[in-house]
Amino acid sequence: MDLDIVRTFVAAADAGQFQEAAAELAITQQAVSKRIAALERDVGVRLFTRTPRGAELTIDGQAFLPHARELLRVAERAVASVCTGRRPLRVDMLASRSAASGLMRGFHRAHPEIDLDVVMLFDIEKAVAAIRSGAIDASFRAVAMPGRPLPEDIESVRVLDEPLQLLVGPAHALASARSVTVAQLAGHRIWMPGLVPGTEWTAYYDDLVAEFGLTIEATGPNFGSDALLDTIADTPALATFMGGRTRLVWPAGHGLRRIPVTDPTPVYPHSLLWRRDNPHPALATLRTHLAATAAGHGAAETWAPDWVIPR
């Protein structure tokens, strides 16, 4: 149903005269008459009766009026739901315990007045497609992977270098170390069942292995972080990498140790991606917040693959 025609009907019903409705809508009286006639043809009943004083609603017109008003209200709500700045800012991150989640929690604390929708997409292709389609406003990723440049309409900025830590159980050979160098990790079994070929995090760890001669095993099913922690706690021969800002909780009896890695410190580079022409005002606020909170990250003696975007 044409909403302009419905709007004209409501205006005429409120004014009681086609001429006053025409003036309110800034159209001619003839246009009002044509729109009302078209609406009456659509619904199959007379909606107005002409009188010496103007136009009065018929019984059918009176029955139709509240529904017409509701149609206009629904249309207004639909438009408002997607108006720039009036809908929530939609941001993608990989996991709820990730460093990106911590960044967004900090943003929410600093700007509680901004509505947020958080989604979790698996790989960078899906994230970029969602940004370009408008399904999300921004995404936290490690970009760009070798041979996969970002589309020209996608902007990105590096917002956080997250130091890697070694996670070991109490019986592991390195459990008592206050820190370990990358060279000391050669020959140790590092188990990471969450590595999936084709993802940006697997590309990162492939380069880490190639650069420092490490051994990373991705065998076995990935049952999630809780199962990984159980296995590391019970298996003296295994260790795993964790981001230094990844939030983990485990039973006290596990006795797990988080050990800083140094000389150099491998850092996982988190970047924010967004579409160049996205007008959402909260996106600019998020970028400003991240620029301020990211100050000081990226200390000397760190390593990241040469394909990540510069700071």
# chains A, B, ... in the order shown; residues from 1 in each chain; ligands from 1

$ closest_atom_pairs --of "stretch 216-308 of chain A" --to "stretch 160-164 of chain A" --cutoff "6 Å" --atoms "only C-alpha atoms" --output "Markdown table"
| residue | atom | partner | partner_atom | distance |
| --- | --- | --- | --- | --- |
| A:Met242 | CA | A:Leu164 | CA | 5.7 |
| A:Gly243 | CA | A:Leu164 | CA | 4.7 |
| A:Gly244 | CA | A:Pro163 | CA | 5.4 |
| A:Pro266 | CA | A:Leu164 | CA | 5.7 |
| A:Val267 | CA | A:Pro163 | CA | 4.2 |
| A:Tyr268 | CA | A:Glu162 | CA | 5.0 |
| A:Pro269 | CA | A:Asp161 | CA | 4.6 |
| A:His270 | CA | A:Leu160 | CA | 5.1 |
| A:Ala294 | CA | A:Leu160 | CA | 5.8 |
| A:Gly298 | CA | A:Asp161 | CA | 5.7 |

$ write_last_selection --atoms "C-alpha atoms" --output "PDB file, in the first residue's frame"
ATOM      1  CA  MET A 242      47.794 -17.743  24.567  1.00  0.00           C
ATOM      2  CA  GLY A 243      47.399 -14.034  24.025  1.00  0.00           C
ATOM      3  CA  GLY A 244      48.512 -12.043  27.029  1.00  0.00           C
ATOM      4  CA  PRO A 266      55.859 -12.360  19.413  1.00  0.00           C
ATOM      5  CA  VAL A 267      52.854 -10.038  19.287  1.00  0.00           C
ATOM      6  CA  TYR A 268      49.511 -10.756  17.694  1.00  0.00           C
ATOM      7  CA  PRO A 269      48.457  -7.633  15.755  1.00  0.00           C
ATOM      8  CA  HIS A 270      44.808  -6.682  16.205  1.00  0.00           C
ATOM      9  CA  ALA A 294      46.302   1.908  21.976  1.00  0.00           C
ATOM     10  CA  GLY A 298      54.180  -1.976  20.185  1.00  0.00           C
TER      11      GLY A 298
END

$ select_by_dssp --residues "stretch 19-208 of chain A" --states "alpha helix (DSSP H)" --output "PyMOL selection string"
chain A and resi 19-25+29-43+59-82+99-110+124-133+200-208

$ residues_around --residues "A:Leu103" --least-positions-apart "4" --cutoff "9 Å" --atoms "only C-alpha atoms" --output "list in words"
Ser98, Ala99, Phe107, His108, Leu290 and Thr293 of chain A

$ write_last_selection --atoms "all heavy atoms" --output "PDB file, in the first residue's frame"
ATOM      1  N   SER A  98      38.525 -12.814  24.008  1.00  0.00           N
ATOM      2  CA  SER A  98      39.672 -12.295  23.273  1.00  0.00           C
ATOM      3  C   SER A  98      40.048 -10.890  23.719  1.00  0.00           C
ATOM      4  O   SER A  98      39.294 -10.204  24.421  1.00  0.00           O
ATOM      5  CB  SER A  98      39.361 -12.279  21.772  1.00  0.00           C
ATOM      6  OG  SER A  98      38.334 -11.331  21.502  1.00  0.00           O
ATOM      7  N   ALA A  99      41.219 -10.440  23.266  1.00  0.00           N
ATOM      8  CA  ALA A  99      41.658  -9.072  23.552  1.00  0.00           C
ATOM      9  C   ALA A  99      40.695  -8.061  22.963  1.00  0.00           C
ATOM     10  O   ALA A  99      40.447  -7.001  23.559  1.00  0.00           O
ATOM     11  CB  ALA A  99      43.063  -8.856  23.003  1.00  0.00           C
ATOM     12  N   PHE A 107      35.496   0.297  25.762  1.00  0.00           N
ATOM     13  CA  PHE A 107      34.760   1.316  25.016  1.00  0.00           C
ATOM     14  C   PHE A 107      33.361   1.497  25.602  1.00  0.00           C
ATOM     15  O   PHE A 107      32.886   2.634  25.747  1.00  0.00           O
ATOM     16  CB  PHE A 107      34.671   0.898  23.546  1.00  0.00           C
ATOM     17  CG  PHE A 107      33.825   1.811  22.699  1.00  0.00           C
ATOM     18  CD1 PHE A 107      34.233   3.109  22.422  1.00  0.00           C
ATOM     19  CD2 PHE A 107      32.621   1.366  22.180  1.00  0.00           C
ATOM     20  CE1 PHE A 107      33.451   3.957  21.640  1.00  0.00           C
ATOM     21  CE2 PHE A 107      31.838   2.202  21.395  1.00  0.00           C
ATOM     22  CZ  PHE A 107      32.259   3.503  21.125  1.00  0.00           C
ATOM     23  N   HIS A 108      32.724   0.403  25.964  1.00  0.00           N
ATOM     24  CA  HIS A 108      31.370   0.484  26.529  1.00  0.00           C
ATOM     25  C   HIS A 108      31.385   1.195  27.879  1.00  0.00           C
ATOM     26  O   HIS A 108      30.468   1.975  28.182  1.00  0.00           O
ATOM     27  CB  HIS A 108      30.787  -0.919  26.665  1.00  0.00           C
ATOM     28  CG  HIS A 108      29.392  -0.940  27.218  1.00  0.00           C
ATOM     29  ND1 HIS A 108      28.331  -0.287  26.622  1.00  0.00           N
ATOM     30  CD2 HIS A 108      28.878  -1.530  28.326  1.00  0.00           C
ATOM     31  CE1 HIS A 108      27.242  -0.470  27.325  1.00  0.00           C
ATOM     32  NE2 HIS A 108      27.539  -1.220  28.369  1.00  0.00           N
ATOM     33  N   LEU A 290      39.906   3.942  20.495  1.00  0.00           N
ATOM     34  CA  LEU A 290      40.958   2.946  20.304  1.00  0.00           C
ATOM     35  C   LEU A 290      42.307   3.613  20.067  1.00  0.00           C
ATOM     36  O   LEU A 290      43.343   3.127  20.530  1.00  0.00           O
ATOM     37  CB  LEU A 290      40.609   2.021  19.143  1.00  0.00           C
ATOM     38  CG  LEU A 290      39.416   1.087  19.364  1.00  0.00           C
ATOM     39  CD1 LEU A 290      39.100   0.323  18.088  1.00  0.00           C
ATOM     40  CD2 LEU A 290      39.687   0.122  20.510  1.00  0.00           C
ATOM     41  N   THR A 293      43.511   4.620  23.540  1.00  0.00           N
ATOM     42  CA  THR A 293      43.861   3.512  24.443  1.00  0.00           C
ATOM     43  C   THR A 293      45.000   2.667  23.889  1.00  0.00           C
ATOM     44  O   THR A 293      45.673   1.969  24.645  1.00  0.00           O
ATOM     45  CB  THR A 293      42.648   2.609  24.697  1.00  0.00           C
ATOM     46  OG1 THR A 293      42.132   2.136  23.441  1.00  0.00           O
ATOM     47  CG2 THR A 293      41.556   3.376  25.418  1.00  0.00           C
TER      48      THR A 293
END

$ residues_around --residues "stretch 16-29 of chain A" --least-positions-apart "3" --cutoff "10 Å" --atoms "only C-alpha atoms" --output "list in words"
Asp4, Arg7, Thr8, Phe9, Val10, Ala11, Ala12, Ala13, Val32, Ser33, Lys34, Arg35, Ile36, Phe48, Arg50, Thr51, Arg53, Gly54, Ala55, Glu56 and Leu57 of chain A

$ write_last_selection --atoms "C-alpha atoms" --output "PDB file, in the first residue's frame"
ATOM      1  CA  ASP A   4       1.865   8.671   0.572  1.00  0.00           C
ATOM      2  CA  ARG A   7      -0.678   9.757   4.729  1.00  0.00           C
ATOM      3  CA  THR A   8      -3.027  11.820   2.540  1.00  0.00           C
ATOM      4  CA  PHE A   9      -6.042   9.918   3.874  1.00  0.00           C
ATOM      5  CA  VAL A  10      -5.023  10.597   7.482  1.00  0.00           C
ATOM      6  CA  ALA A  11      -4.386  14.273   6.757  1.00  0.00           C
ATOM      7  CA  ALA A  12      -7.805  14.632   5.094  1.00  0.00           C
ATOM      8  CA  ALA A  13      -9.518  12.810   7.958  1.00  0.00           C
ATOM      9  CA  VAL A  32      -5.568  14.846  -2.725  1.00  0.00           C
ATOM     10  CA  SER A  33      -8.795  13.854  -4.493  1.00  0.00           C
ATOM     11  CA  LYS A  34      -6.921  11.494  -6.836  1.00  0.00           C
ATOM     12  CA  ARG A  35      -5.059   9.838  -3.956  1.00  0.00           C
ATOM     13  CA  ILE A  36      -8.247   9.313  -1.948  1.00  0.00           C
ATOM     14  CA  PHE A  48     -15.327   9.903   2.635  1.00  0.00           C
ATOM     15  CA  ARG A  50     -18.658  15.071   0.549  1.00  0.00           C
ATOM     16  CA  THR A  51     -20.637  17.597   2.613  1.00  0.00           C
ATOM     17  CA  ARG A  53     -18.597  21.733   5.204  1.00  0.00           C
ATOM     18  CA  GLY A  54     -15.976  19.560   3.469  1.00  0.00           C
ATOM     19  CA  ALA A  55     -15.447  15.788   3.756  1.00  0.00           C
ATOM     20  CA  GLU A  56     -16.606  13.430   6.494  1.00  0.00           C
ATOM     21  CA  LEU A  57     -15.472   9.881   7.108  1.00  0.00           C
TER      22      LEU A  57
END

$ atom_distance --atom1 "atom CA of A:Val157" --atom2 "atom CA of A:Lys126"
18.7 Å

$ select_by_dssp --residues "stretch 85-175 of chain A" --states "strand (DSSP E)" --output "ChimeraX atom specification"
/A:89-92,116-119,138-141,154-168

$ residues_around --residues "A:Thr58" --least-positions-apart "5" --cutoff "8 Å" --atoms "only C-alpha atoms" --output "list in words"
Arg46, Leu47, Phe48 and Thr49 of chain A

$ atom_distance --atom1 "atom CA of A:Gly194" --atom2 "atom CA of A:Leu89"
28.8 Å

$ atom_distance --atom1 "atom CA of A:Ala63" --atom2 "atom CA of A:Ala78"
24.1 Å

$ residues_around --residues "A:Arg257" --least-positions-apart "4" --cutoff "9 Å" --atoms "only C-alpha atoms" --output "short mmCIF file (atom, residue, chain, number, x, y, z; two decimals) with N, CA and C atoms, in the first residue's frame"
data_model
loop_
_atom_site.label_atom_id
_atom_site.label_comp_id
_atom_site.auth_asym_id
_atom_site.auth_seq_id
_atom_site.Cartn_x
_atom_site.Cartn_y
_atom_site.Cartn_z
N LEU A 166 53.33 -18.28 26.88
CA LEU A 166 53.33 -19.74 26.87
C LEU A 166 52.50 -20.21 28.06
N LEU A 167 51.59 -21.14 27.81
CA LEU A 167 50.76 -21.70 28.87
C LEU A 167 51.19 -23.15 29.09
N VAL A 168 51.60 -23.48 30.32
CA VAL A 168 52.08 -24.83 30.62
C VAL A 168 51.44 -25.33 31.90
N GLY A 169 51.46 -26.66 32.07
CA GLY A 169 51.00 -27.28 33.30
C GLY A 169 52.10 -27.31 34.35
N PRO A 170 51.77 -27.69 35.57
CA PRO A 170 52.74 -27.64 36.68
C PRO A 170 53.92 -28.59 36.52
N ALA A 175 57.86 -24.91 33.61
CA ALA A 175 56.84 -24.40 34.53
C ALA A 175 57.40 -23.42 35.54
N SER A 176 58.64 -23.55 35.92
CA SER A 176 59.22 -22.67 36.95
C SER A 176 59.86 -21.42 36.35
#

$ residues_around --residues "A:Ala177" --least-positions-apart "2" --cutoff "10 Å" --atoms "only C-alpha atoms" --output "VMD selection string"
chain A and resid 173 to 175 179 to 180 257 to 260

$ closest_residue --among "A:Arg158, A:Arg77, A:Arg90, A:His289" --to "A:Ile131" --atoms "only C-alpha atoms"
A:Arg90

$ closest_residue --among "A:Met192, A:Ala186, A:Ala110, A:Val79" --to "A:Gly213" --atoms "only C-alpha atoms"
A:Ala186

$ closest_residue --among "A:Ile309, A:Pro112, A:Leu208, A:Ile154" --to "A:Thr265" --atoms "only C-alpha atoms"
A:Leu208

$ closest_residue --among "A:Leu71, A:Ala31, A:Val209, A:Val249" --to "A:Ala227" --atoms "only C-alpha atoms"
A:Val249

$ closest_residue --among "A:Asp14, A:Glu217, A:Glu40, A:Asp230" --to "A:Thr202" --atoms "only C-alpha atoms"
A:Glu217

$ closest_residue --among "A:Ala304, A:Met120, A:Met93, A:Leu286" --to "A:Ala203" --atoms "only C-alpha atoms"
A:Ala304
